[in-house]
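input_31.csv follows (CSV, C-alpha atoms):
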chain,number,residue,atom,x,y,z
Q,296,MET,CA,7.6,-16.2,27.6
Q,297,LYS,CA,4.2,-17.8,27.4
Q,298,PRO,CA,1.3,-15.7,26.0
Q,299,GLU,CA,-0.7,-15.9,29.2
Q,300,SER,CA,2.2,-14.3,31.2
Q,301,LEU,CA,2.4,-11.2,28.9
Q,302,PRO,CA,1.1,-7.9,30.2
Q,303,PRO,CA,-2.5,-7.4,29.0
Q,304,ALA,CA,-1.6,-4.3,26.9
Q,305,LEU,CA,1.2,-6.2,25.1
Q,306,VAL,CA,-1.1,-8.9,23.6
Q,307,PRO,CA,-3.2,-6.7,21.4
Q,308,VAL,CA,-0.1,-4.8,20.3
Q,309,LEU,CA,1.6,-8.1,19.2
Q,310,LEU,CA,-1.6,-9.2,17.4
Q,311,ALA,CA,-1.9,-5.8,15.6
Q,312,PHE,CA,1.7,-6.1,14.5
Q,313,ALA,CA,1.1,-9.6,13.2
Q,314,GLY,CA,-1.9,-8.2,11.4
Q,315,ILE,CA,0.0,-5.6,9.4
Q,316,TYR,CA,3.1,-7.8,8.9
Q,317,ILE,CA,1.2,-10.8,7.6
Q,318,ILE,CA,-2.0,-9.4,6.1
Q,319,TRP,CA,-0.3,-6.5,4.1
Q,320,GLY,CA,2.4,-9.0,3.1
Q,321,THR,CA,-0.1,-11.3,1.6
Q,322,THR,CA,-2.3,-8.8,-0.3
Q,323,PHE,CA,-0.1,-9.0,-3.3
Q,324,LEU,CA,-0.7,-12.7,-3.6
Q,325,ALA,CA,-4.4,-12.2,-3.1
Q,326,ILE,CA,-4.4,-9.6,-5.9
Q,327,ALA,CA,-2.6,-12.0,-8.2
Q,328,LEU,CA,-5.3,-14.6,-7.5
Q,329,ALA,CA,-8.2,-12.2,-7.8
Q,330,ILE,CA,-7.2,-10.9,-11.3
Q,331,ARG,CA,-6.9,-14.4,-12.7
Q,332,THR,CA,-10.6,-14.3,-13.6
Q,333,ILE,CA,-11.7,-10.8,-12.6
Q,334,PRO,CA,-10.4,-7.7,-14.5
Q,335,PRO,CA,-8.0,-5.7,-12.3
Q,336,PHE,CA,-9.8,-2.4,-12.1
Q,337,PHE,CA,-13.2,-4.0,-11.7
Q,338,SER,CA,-11.8,-6.2,-8.9
Q,339,GLY,CA,-10.3,-3.3,-7.1
Q,340,GLY,CA,-13.4,-1.1,-7.6
Q,341,VAL,CA,-15.7,-3.8,-6.2
Q,342,ARG,CA,-13.3,-4.4,-3.3
Q,343,PHE,CA,-13.2,-0.8,-2.1
Q,344,LEU,CA,-16.9,-0.2,-2.9
Q,345,ILE,CA,-17.8,-3.0,-0.5
Q,346,ALA,CA,-15.2,-2.0,2.1
Q,347,GLY,CA,-16.2,1.7,2.0
Q,348,GLY,CA,-19.9,0.8,2.1
Q,349,LEU,CA,-19.4,-1.4,5.2
Q,350,MET,CA,-17.4,1.3,6.9
Q,351,TYR,CA,-20.0,3.9,6.0
Q,352,ALA,CA,-22.8,1.7,7.5
Q,353,TRP,CA,-20.7,1.4,10.7
Q,354,LEU,CA,-20.1,5.1,10.8
Q,355,ARG,CA,-23.8,5.8,10.4
Q,356,THR,CA,-24.5,3.9,13.6
Q,357,ARG,CA,-22.2,6.5,15.4
Q,358,GLU,CA,-23.3,9.7,13.7
Q,359,PRO,CA,-26.0,10.8,11.2
Q,360,ARG,CA,-23.6,12.6,8.8
Q,361,PRO,CA,-20.3,10.7,8.6
Q,362,PHE,CA,-18.8,13.1,6.0
Q,363,SER,CA,-19.6,16.3,7.8
Q,364,GLY,CA,-16.5,18.3,8.7
Q,365,LEU,CA,-14.5,16.8,5.8
Q,366,SER,CA,-13.2,18.7,2.8
Q,367,ILE,CA,-15.2,16.7,0.2
Q,368,GLY,CA,-13.1,17.9,-2.8
Q,369,GLY,CA,-9.8,17.3,-1.0
Q,370,SER,CA,-10.9,13.9,0.3
Q,371,ILE,CA,-12.0,12.8,-3.2
Q,372,LEU,CA,-8.6,14.0,-4.7
Q,373,VAL,CA,-6.7,12.1,-2.1
Q,374,GLY,CA,-8.9,9.1,-2.6
Q,375,VAL,CA,-8.2,9.1,-6.4
Q,376,LEU,CA,-4.5,9.5,-5.8
Q,377,MET,CA,-4.2,6.8,-3.2
Q,378,THR,CA,-7.0,4.2,-3.5
Q,379,GLY,CA,-7.7,4.9,-7.2
Q,380,ILE,CA,-4.3,5.3,-8.8
Q,381,GLY,CA,-2.1,4.1,-6.0
Q,382,ASN,CA,-3.9,0.8,-5.6
Q,383,GLY,CA,-5.5,0.5,-9.0
Q,384,PHE,CA,-2.4,0.8,-11.0
Q,385,VAL,CA,-0.6,-1.8,-8.9
Q,386,LEU,CA,-3.6,-4.1,-9.6
Q,387,TRP,CA,-3.3,-3.4,-13.3
Q,388,ALA,CA,0.5,-3.8,-13.3
Q,389,GLN,CA,0.3,-7.2,-11.7
Q,390,GLN,CA,-1.1,-8.6,-14.9
Q,391,GLY,CA,2.5,-8.7,-15.9
Q,392,LEU,CA,4.7,-8.0,-12.9
Q,393,PRO,CA,5.2,-10.9,-10.4
Q,394,SER,CA,3.6,-10.2,-7.1
Q,395,GLY,CA,6.9,-10.2,-5.2
Q,396,ILE,CA,8.5,-7.7,-7.6
Q,397,ALA,CA,5.5,-5.4,-7.4
Q,398,ALA,CA,5.8,-5.5,-3.6
Q,399,LEU,CA,9.4,-4.5,-3.8
Q,400,PHE,CA,8.5,-1.5,-6.0
Q,401,VAL,CA,5.9,-0.5,-3.5
Q,402,GLY,CA,8.2,-1.2,-0.5
Q,403,ALA,CA,10.4,1.7,-1.7
Q,404,LEU,CA,7.5,4.1,-0.9
Q,405,PRO,CA,9.3,5.9,2.0
Q,406,VAL,CA,12.1,6.7,-0.4
Q,407,SER,CA,9.9,8.2,-3.1
Q,408,THR,CA,7.8,10.1,-0.6
Q,409,LEU,CA,10.8,11.7,0.9
Q,410,ILE,CA,11.8,12.9,-2.5
Q,411,LEU,CA,8.4,14.3,-3.2
Q,412,ASP,CA,8.2,16.0,0.2
Q,413,TRP,CA,11.7,17.5,-0.4
Q,414,MET,CA,10.9,18.7,-4.0
Q,415,PHE,CA,7.2,19.8,-3.8
Q,416,PHE,CA,5.9,20.1,-0.2
Q,417,SER,CA,8.1,20.9,2.8
Q,418,ARG,CA,11.2,21.8,0.6
Q,419,ARG,CA,13.3,20.5,3.5
Q,420,ALA,CA,16.5,18.8,2.3
Q,421,PRO,CA,16.9,15.2,3.6
Q,422,SER,CA,19.6,14.5,6.1
Q,423,SER,CA,22.8,12.8,4.9
Q,424,GLN,CA,21.6,9.4,6.1
Q,425,SER,CA,18.3,9.9,4.3
Q,426,ALA,CA,20.1,11.0,1.2
Q,427,LEU,CA,22.2,7.8,1.3
Q,428,GLY,CA,19.0,5.8,1.8
Q,429,VAL,CA,17.4,7.5,-1.2
Q,430,ALA,CA,20.4,6.7,-3.3
Q,431,ILE,CA,20.6,3.1,-2.3
Q,432,GLY,CA,16.8,2.6,-2.7
Q,433,LEU,CA,16.8,4.2,-6.1
Q,434,ALA,CA,19.7,1.9,-7.1
Q,435,GLY,CA,17.5,-1.0,-6.1
Q,436,LEU,CA,14.6,0.2,-8.3
Q,437,VAL,CA,17.0,0.6,-11.2
Q,438,VAL,CA,18.1,-3.0,-10.8
Q,439,LEU,CA,14.5,-4.0,-10.7
Q,440,THR,CA,13.6,-2.0,-13.8
Q,441,THR,CA,16.6,-3.1,-15.9
Q,442,HIS,CA,16.2,-6.8,-15.0
Q,443,THR,CA,12.4,-7.3,-15.2
Q,444,HIS,CA,12.9,-9.4,-18.4
Q,445,SER,CA,14.5,-12.1,-16.2
Q,446,PHE,CA,11.4,-12.4,-13.9
Q,447,SER,CA,8.6,-13.1,-16.3
Q,448,GLY,CA,8.1,-13.2,-20.1
Q,449,THR,CA,4.9,-11.2,-19.9
Q,450,ILE,CA,6.4,-8.0,-18.4
Q,451,ARG,CA,6.2,-4.9,-20.6
Q,452,PRO,CA,7.7,-1.5,-19.8
Q,453,VAL,CA,4.2,-0.2,-19.3
Q,454,HIS,CA,3.7,-2.5,-16.3
Q,455,VAL,CA,6.8,-1.0,-14.6
Q,456,VAL,CA,5.7,2.6,-15.4
Q,457,ALA,CA,2.2,1.8,-13.9
Q,458,VAL,CA,3.6,0.5,-10.6
Q,459,LEU,CA,6.0,3.4,-10.3
Q,460,THR,CA,3.2,5.9,-11.1
Q,461,ALA,CA,1.1,4.1,-8.4
Q,462,GLU,CA,3.9,4.6,-5.9
Q,463,LEU,CA,4.3,8.3,-6.7
Q,464,ALA,CA,0.5,8.9,-6.5
Q,465,TRP,CA,0.2,7.2,-3.1
Q,466,GLY,CA,3.1,9.3,-1.8
Q,467,ALA,CA,1.6,12.5,-3.1
Q,468,GLY,CA,-1.8,11.6,-1.7
Q,469,THR,CA,-0.3,10.9,1.7
Q,470,LEU,CA,1.4,14.3,1.7
Q,471,LEU,CA,-1.8,16.1,0.6
Q,472,GLN,CA,-3.9,14.3,3.2
Q,473,ARG,CA,-2.5,16.6,6.0
Q,474,ARG,CA,-4.3,19.5,4.4
Q,475,TYR,CA,-7.7,18.0,4.3
Q,476,VAL,CA,-8.3,15.9,7.5
Q,477,SER,CA,-7.9,16.3,11.2
Q,478,PRO,CA,-6.8,13.3,13.4
Q,479,ALA,CA,-10.3,13.1,14.9
Q,480,ARG,CA,-11.9,12.5,11.4
Q,481,VAL,CA,-9.4,10.0,10.0
Q,482,MET,CA,-11.8,7.0,9.9
Q,483,ASN,CA,-14.5,9.1,8.1
Q,484,PHE,CA,-11.8,10.4,5.7
Q,485,VAL,CA,-10.7,6.8,5.0
Q,486,CYS,CA,-14.3,5.8,4.2
Q,487,LEU,CA,-14.7,8.6,1.7
Q,488,GLN,CA,-11.3,7.9,0.3
Q,489,MET,CA,-12.2,4.3,-0.4
Q,490,LEU,CA,-15.4,5.2,-2.0
Q,491,ALA,CA,-13.8,7.8,-4.3
Q,492,GLY,CA,-11.0,5.4,-5.2
Q,493,ALA,CA,-13.6,2.7,-6.0
Q,494,MET,CA,-15.4,4.9,-8.4
Q,495,PHE,CA,-12.2,5.9,-10.1
Q,496,GLN,CA,-11.1,2.3,-10.5
Q,497,LEU,CA,-14.5,1.3,-12.0
Q,498,LEU,CA,-14.3,4.3,-14.4
Q,499,MET,CA,-10.8,3.1,-15.4
Q,500,GLY,CA,-12.1,-0.3,-15.9
Q,501,CYS,CA,-14.7,1.1,-18.3
Q,502,LEU,CA,-12.1,3.2,-20.1
Q,503,ASP,CA,-9.8,0.2,-20.4
Q,504,ARG,CA,-12.8,-1.8,-21.8
Q,505,GLU,CA,-12.3,-4.5,-19.2
Q,506,TRP,CA,-15.8,-5.9,-20.1
Q,507,ILE,CA,-14.4,-7.2,-23.4
Q,508,GLY,CA,-13.9,-11.0,-23.0
Q,509,PHE,CA,-15.0,-10.8,-19.4
Q,510,GLU,CA,-17.6,-13.5,-18.5
Q,511,PRO,CA,-19.0,-13.3,-14.9
Q,512,ALA,CA,-19.9,-17.0,-15.1
Q,513,ARG,CA,-16.2,-17.9,-15.5
Q,514,ILE,CA,-15.2,-16.1,-12.3
Q,515,SER,CA,-13.4,-18.7,-10.2
Q,516,LEU,CA,-14.1,-19.4,-6.5
Q,517,GLN,CA,-10.4,-18.7,-5.9
Q,518,SER,CA,-10.8,-15.1,-7.2
Q,519,ILE,CA,-14.0,-14.6,-5.2
Q,520,ILE,CA,-12.3,-15.7,-2.0
Q,521,ALA,CA,-9.3,-13.5,-2.8
Q,522,VAL,CA,-11.5,-10.4,-3.2
Q,523,ALA,CA,-13.3,-11.2,0.0
Q,524,TYR,CA,-10.0,-11.6,1.7
Q,525,LEU,CA,-8.9,-8.2,0.4
Q,526,VAL,CA,-12.2,-6.6,1.6
Q,527,VAL,CA,-12.2,-8.0,5.1
Q,528,PHE,CA,-8.6,-8.4,6.0
Q,529,GLY,CA,-6.7,-6.1,3.6
Q,530,SER,CA,-9.0,-3.2,3.8
Q,531,LEU,CA,-10.9,-3.4,7.2
Q,532,VAL,CA,-8.9,-5.5,9.7
Q,533,ALA,CA,-5.4,-4.3,8.7
Q,534,VAL,CA,-6.5,-0.6,8.7
Q,535,ASN,CA,-7.8,-1.0,12.2
Q,536,CYS,CA,-4.6,-2.8,13.3
Q,537,TYR,CA,-2.7,0.2,11.9
Q,538,SER,CA,-4.9,2.7,13.6
Q,539,PHE,CA,-4.5,0.9,16.9
Q,540,LEU,CA,-0.7,0.8,16.6
Q,541,VAL,CA,-0.4,4.4,15.7
Q,542,ALA,CA,-2.2,5.3,18.9
Q,543,HIS,CA,0.0,3.1,21.1
Q,544,VAL,CA,3.3,2.5,19.4
Q,545,PRO,CA,6.0,4.9,18.1
Q,546,ALA,CA,5.7,5.5,14.4
Q,547,GLN,CA,9.1,4.2,13.5
Q,548,LYS,CA,8.2,0.8,15.0
Q,549,VAL,CA,4.9,0.7,13.1
Q,550,THR,CA,6.7,1.4,9.8
Q,551,THR,CA,8.8,-1.7,10.0
Q,552,TYR,CA,6.1,-3.4,8.0
Q,553,ALA,CA,7.6,-1.5,5.0
Q,554,LEU,CA,10.6,-3.8,5.4
Q,555,VAL,CA,8.7,-7.0,6.2
Q,556,ASN,CA,5.9,-7.0,3.6
Q,557,PRO,CA,8.1,-7.3,0.4
Q,558,VAL,CA,10.0,-10.3,2.0
Q,559,ILE,CA,6.7,-12.0,2.7
Q,560,ALA,CA,5.4,-11.2,-0.8
Q,561,LEU,CA,8.5,-12.5,-2.5
Q,562,ALA,CA,8.4,-15.8,-0.5
Q,563,LEU,CA,4.6,-16.3,-1.1
Q,564,GLY,CA,5.0,-15.5,-4.8
Q,565,ALA,CA,7.7,-18.1,-5.2
Q,566,ILE,CA,6.0,-20.8,-3.0
Q,567,VAL,CA,2.4,-20.4,-4.2
Q,568,LEU,CA,2.6,-19.0,-7.7
Q,569,GLY,CA,6.0,-20.4,-8.7
Q,570,GLU,CA,7.5,-16.9,-9.4
Q,571,LYS,CA,11.2,-16.9,-10.0
Q,572,ILE,CA,13.6,-15.3,-7.5
Q,573,THR,CA,16.6,-14.5,-9.5
Q,574,PRO,CA,20.0,-13.1,-8.3
Q,575,ALA,CA,18.8,-9.7,-9.7
Q,576,ALA,CA,15.7,-9.9,-7.5
Q,577,ILE,CA,17.7,-10.7,-4.4
Q,578,LEU,CA,20.1,-7.8,-5.1
Q,579,SER,CA,17.3,-5.3,-5.7
Q,580,ALA,CA,15.5,-6.5,-2.6
Q,581,VAL,CA,18.6,-6.0,-0.5
Q,582,LEU,CA,19.2,-2.5,-1.9
Q,583,VAL,CA,15.6,-1.4,-1.5
Q,584,LEU,CA,15.3,-2.7,2.0
Q,585,VAL,CA,18.6,-1.1,3.1
Q,586,GLY,CA,17.6,2.2,1.5
Q,587,VAL,CA,14.2,2.2,3.2
Q,588,ALA,CA,15.8,1.2,6.6
Q,589,LEU,CA,18.2,4.2,6.3
Q,590,VAL,CA,15.2,6.5,5.6
Q,591,LEU,CA,13.0,5.2,8.4
Q,592,PHE,CA,15.4,4.5,11.2
Q,593,GLN,CA,17.4,7.6,12.2
Q,594,ARG,CA,17.7,9.9,15.1
Q,595,PRO,CA,16.2,13.3,14.5
Q,596,ALA,CA,18.5,16.2,14.7
Q,597,ALA,CA,18.1,18.7,17.5
Q,598,GLY,CA,15.1,20.9,17.0
Q,599,GLN,CA,13.7,18.7,14.2
Q,600,ARG,CA,10.4,16.9,14.4
Q,601,PRO,CA,10.9,13.2,14.6
Q,602,ALA,CA,8.2,12.0,12.2
Q,603,PRO,CA,9.1,12.9,8.6
Q,604,ALA,CA,6.7,12.4,5.8
Q,605,ALA,CA,8.4,9.2,4.8
Q,606,LEU,CA,7.3,7.6,8.1
Q,607,ARG,CA,3.7,8.7,7.6
Q,608,ALA,CA,3.7,7.4,4.1
Q,609,ALA,CA,5.0,4.0,5.1
Q,610,ALA,CA,2.6,3.8,8.0
Q,611,GLU,CA,-0.5,4.8,6.0
Q,612,LEU,CA,0.1,2.6,3.0
Q,613,ASP,CA,-2.8,0.2,2.6
Q,614,ASN,CA,-2.3,-2.5,-0.1
Would you write out, as structure tokens, the structure that this file holds?
Amino acid sequence: MKPESLPPALVPVLLAFAGIYIIWGTTFLAIALAIRTIPPFFSGGVRFLIAGGLMYAWLRTREPRPFSGLSIGGSILVGVLMTGIGNGFVLWAQQGLPSGIAALFVGALPVSTLILDWMFFSRRAPSSQSALGVAIGLAGLVVLTTHTHSFSGTIRPVHVVAVLTAELAWGAGTLLQRRYVSPARVMNFVCLQMLAGAMFQLLMGCLDREWIGFEPARISLQSIIAVAYLVVFGSLVAVNCYSFLVAHVPAQKVTTYALVNPVIALALGAIVLGEKITPAAILSAVLVLVGVALVLFQRPAAGQRPAPAALRAAAELDN
């Protein structure tokens, strides 16, 4: 079917899907390029400070007090968990973890969020299909963790711990978000979340003493372009694509990006950065993606709500 023959409403939907599939699949590569000459926490802090500032300026054209009606403390807490720890620790971990492997860890987010929701929030036990998905997904993470030595010689256990901590923090922040923001104020909330996360990352950069050995004059054009890409496409364009899809498409279809992004990241890491794709990486990828698919794609039982926390977590994850 030719594009011009598609119904008008279908064209923006397809473009939005292409946005979250491709853009959020490429952000891990962009991060790897950015941190080559810019310290990780500083690059993330600057990225979200710029993105949050641009969003705030746009919101100010619509209302004089963009943060009115928000729980400031709750929004800052969620921002620290999601944009601060969730994104910042992935940035820091990619100093050692190959970009594709980091994407696989993050791709298991629906699995970890389902566990957090079951243990600390809703206390609702997962269905048998979800439990099977959790078991398979965790098996994939075990394979990743125990075979990281075969992916890169620079990997240390702390890199793996950092990316797992980031995944758990993002899941916890997603579950807490429901307490602090109404659907009508999501854009305002995201703006404050970005700014809070930016300040946390800059603080972490200071605590990690990232200025030692850092010479701004040696920042490469490649890293600058990567950060600009993350600001414009990773933070602003993709978020709006996601918001549009959530308003027009069932959540389970939107969350398919949780399956597509790691595949794109693995391929780009191998093609552009020369990262190794070992048999262990392939096995772990299959296990993680099958586990996530089992968690995301199931029929709700009679009387149950069809949008579990795992779906919201996958749909809200912004790399």
What are the closest atom pairs, with distances in Å to one decimal, for all residues of segment 468-587 of chain Q lying within 9 Å of segment 330-340 of chain Q? Consider only C-alpha atoms, order rows by chain and residue number, and present the result as JSON lines.
{"residue": "Q:Leu490", "atom": "CA", "partner": "Q:Gly340", "partner_atom": "CA", "distance": 8.7}
{"residue": "Q:Gly492", "atom": "CA", "partner": "Q:Gly340", "partner_atom": "CA", "distance": 7.3}
{"residue": "Q:Ala493", "atom": "CA", "partner": "Q:Gly340", "partner_atom": "CA", "distance": 4.1}
{"residue": "Q:Met494", "atom": "CA", "partner": "Q:Gly340", "partner_atom": "CA", "distance": 6.4}
{"residue": "Q:Phe495", "atom": "CA", "partner": "Q:Gly340", "partner_atom": "CA", "distance": 7.5}
{"residue": "Q:Gln496", "atom": "CA", "partner": "Q:Gly340", "partner_atom": "CA", "distance": 5.0}
{"residue": "Q:Leu497", "atom": "CA", "partner": "Q:Gly340", "partner_atom": "CA", "distance": 5.1}
{"residue": "Q:Leu498", "atom": "CA", "partner": "Q:Phe336", "partner_atom": "CA", "distance": 8.4}
{"residue": "Q:Met499", "atom": "CA", "partner": "Q:Phe336", "partner_atom": "CA", "distance": 6.5}
{"residue": "Q:Gly500", "atom": "CA", "partner": "Q:Phe336", "partner_atom": "CA", "distance": 4.9}
{"residue": "Q:Cys501", "atom": "CA", "partner": "Q:Phe337", "partner_atom": "CA", "distance": 8.5}
{"residue": "Q:Asp503", "atom": "CA", "partner": "Q:Phe336", "partner_atom": "CA", "distance": 8.7}
{"residue": "Q:Glu505", "atom": "CA", "partner": "Q:Pro334", "partner_atom": "CA", "distance": 6.0}
{"residue": "Q:Trp506", "atom": "CA", "partner": "Q:Pro334", "partner_atom": "CA", "distance": 8.0}
{"residue": "Q:Phe509", "atom": "CA", "partner": "Q:Pro334", "partner_atom": "CA", "distance": 7.4}
{"residue": "Q:Glu510", "atom": "CA", "partner": "Q:Thr332", "partner_atom": "CA", "distance": 8.6}
{"residue": "Q:Pro511", "atom": "CA", "partner": "Q:Ile333", "partner_atom": "CA", "distance": 8.1}
{"residue": "Q:Arg513", "atom": "CA", "partner": "Q:Thr332", "partner_atom": "CA", "distance": 6.9}
{"residue": "Q:Ile514", "atom": "CA", "partner": "Q:Thr332", "partner_atom": "CA", "distance": 5.1}
{"residue": "Q:Ser515", "atom": "CA", "partner": "Q:Thr332", "partner_atom": "CA", "distance": 6.2}
{"residue": "Q:Gln517", "atom": "CA", "partner": "Q:Arg331", "partner_atom": "CA", "distance": 8.8}
{"residue": "Q:Ser518", "atom": "CA", "partner": "Q:Thr332", "partner_atom": "CA", "distance": 6.5}
{"residue": "Q:Ile519", "atom": "CA", "partner": "Q:Ile333", "partner_atom": "CA", "distance": 8.6}
{"residue": "Q:Val522", "atom": "CA", "partner": "Q:Ser338", "partner_atom": "CA", "distance": 7.1}
Report task. Rank Q:Gly348, Q:Val306, Q:Ala313, Q:Leu411 by their smallest atom-to-atom distance to Pro361 of chain Q, using only C-alpha atoms, and report the top residue only. Result -> Q:Gly348
Do you know which residues are at most 10 Å from Val456 of chain Q counting all atoms listed in the file, after dropping those on the same chain fewer than 4 positions away, and could you put them as a compact mmCIF listing (two decimals) with C-alpha atoms, in the coordinates of the input?
# COMPACT_ATOMS: atom_id res chain seq x y z
CA PHE Q 384 -2.40 0.80 -11.00
CA ALA Q 388 0.50 -3.80 -13.30
CA THR Q 440 13.60 -2.00 -13.80
CA ARG Q 451 6.20 -4.90 -20.60
CA PRO Q 452 7.70 -1.50 -19.80
CA THR Q 460 3.20 5.90 -11.10
CA ALA Q 461 1.10 4.10 -8.40
CA GLU Q 462 3.90 4.60 -5.90
Query - Expected residue set, 9 Å radius at (13.0, -0.9, -3.5), all atoms listed in the file, as a list in words - result: Ala398, Leu399, Phe400, Val401, Gly402, Ala403, Leu404, Val406, Ile431, Gly432, Leu433, Ala434, Gly435, Leu436, Val437, Leu439, Pro557, Ser579, Ala580, Val581, Leu582, Val583, Leu584, Val585, Gly586 and Val587 of chain Q
**Report entry** Of the listed residues Q:Leu487, Q:Leu328, Q:Leu427, Q:Leu365, that which approaches Gly379 of chain Q most closely, counting only C-alpha atoms
**Finding:** Q:Leu487
Query raised in the report: Which neighbours of segment 536-539 of chain Q fall inside 9 Å, counting only C-alpha atoms, when residues of the same chain fewer than 2 positions from it are skipped, and could you give them as a count of residues only?
Result: 20
Do you know which residues are at most 9 Å from Leu568 of chain Q counting all atoms listed in the file, after dropping those on the same chain fewer than 5 positions away, and could you put them as an mmCIF file with C-alpha atoms, in the coordinates of the input?
data_model
loop_
_atom_site.group_PDB
_atom_site.id
_atom_site.type_symbol
_atom_site.label_atom_id
_atom_site.label_comp_id
_atom_site.auth_asym_id
_atom_site.auth_seq_id
_atom_site.Cartn_x
_atom_site.Cartn_y
_atom_site.Cartn_z
ATOM 1 C CA LEU Q 324 -0.700 -12.700 -3.600
ATOM 2 C CA ALA Q 327 -2.600 -12.000 -8.200
ATOM 3 C CA PRO Q 393 5.200 -10.900 -10.400
ATOM 4 C CA SER Q 394 3.600 -10.200 -7.100
ATOM 5 C CA LEU Q 563 4.600 -16.300 -1.100
#
**Report entry** For atom CA of Val526 of chain Q and atom CA of Met377 of chain Q, the interatomic separation in Å (one decimal)
**Finding:**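 So the two atoms, atom CA of Val526 of chain Q and atom CA of Met377 of chain Q, lie 16.3 Å apart.
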Requested in this report: Rounded to one decimal place, report the atom CA of Ile450 of chain Q-atom CA of Ala576 of chain Q distance in Å.
Outcome: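 Here the two named atoms are 14.5 Å from each other.
Atom pair atom CA of Ser407 of chain Q / atom CA of Ala467 of chain Q: separated by 9.3 Å.
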**Report entry** From Q:Gly368, Q:Gly347, Q:Gly374, Q:Gly395, residue lying nearest Leu561 of chain Q [only C-alpha atoms]
**Finding:** Q:Gly395
Report task. Check the smallest atom-to-atom distance from each of Q:Arg480, Q:Ala588, Q:Ile577, Q:Ser417 to Val438 of chain Q using all atoms listed in the file, then report the winner. Result ->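 Distance minimum relative to Val438 of chain Q lands on Q:Ile577.
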Query - Minimum-distance residue to Ile367 of chain Q, chosen among Q:Val485, Q:Ser530, Q:Ile559, Q:Val590 (using only C-alpha atoms) - result: Q:Val485
Report task. Considering all atoms listed in the file, state which residue in the set Q:Val341, Q:Ala523, Q:Pro359, Q:Met350 is at the smallest distance from Asn535 of chain Q. Result ->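 Of Q:Val341, Q:Ala523, Q:Pro359, Q:Met350, the one nearest Asn535 of chain Q is Q:Met350, counting all atoms listed in the file.
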Requested in this report: Can you pull out every residue within 9 Å of segment 470-473 of chain Q, counting all atoms listed in the file, but drop anything in the same chain fewer than 2 positions away, and send it as a list in words?
Outcome: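 Returned residues: Gly369, Ser370, Leu372, Val373, Thr408, Leu411, Asp412, Phe416, Trp465, Gly466, Ala467, Gly468, Tyr475, Val476, Ser477, Ala604, Arg607 and Ala608 of chain Q.
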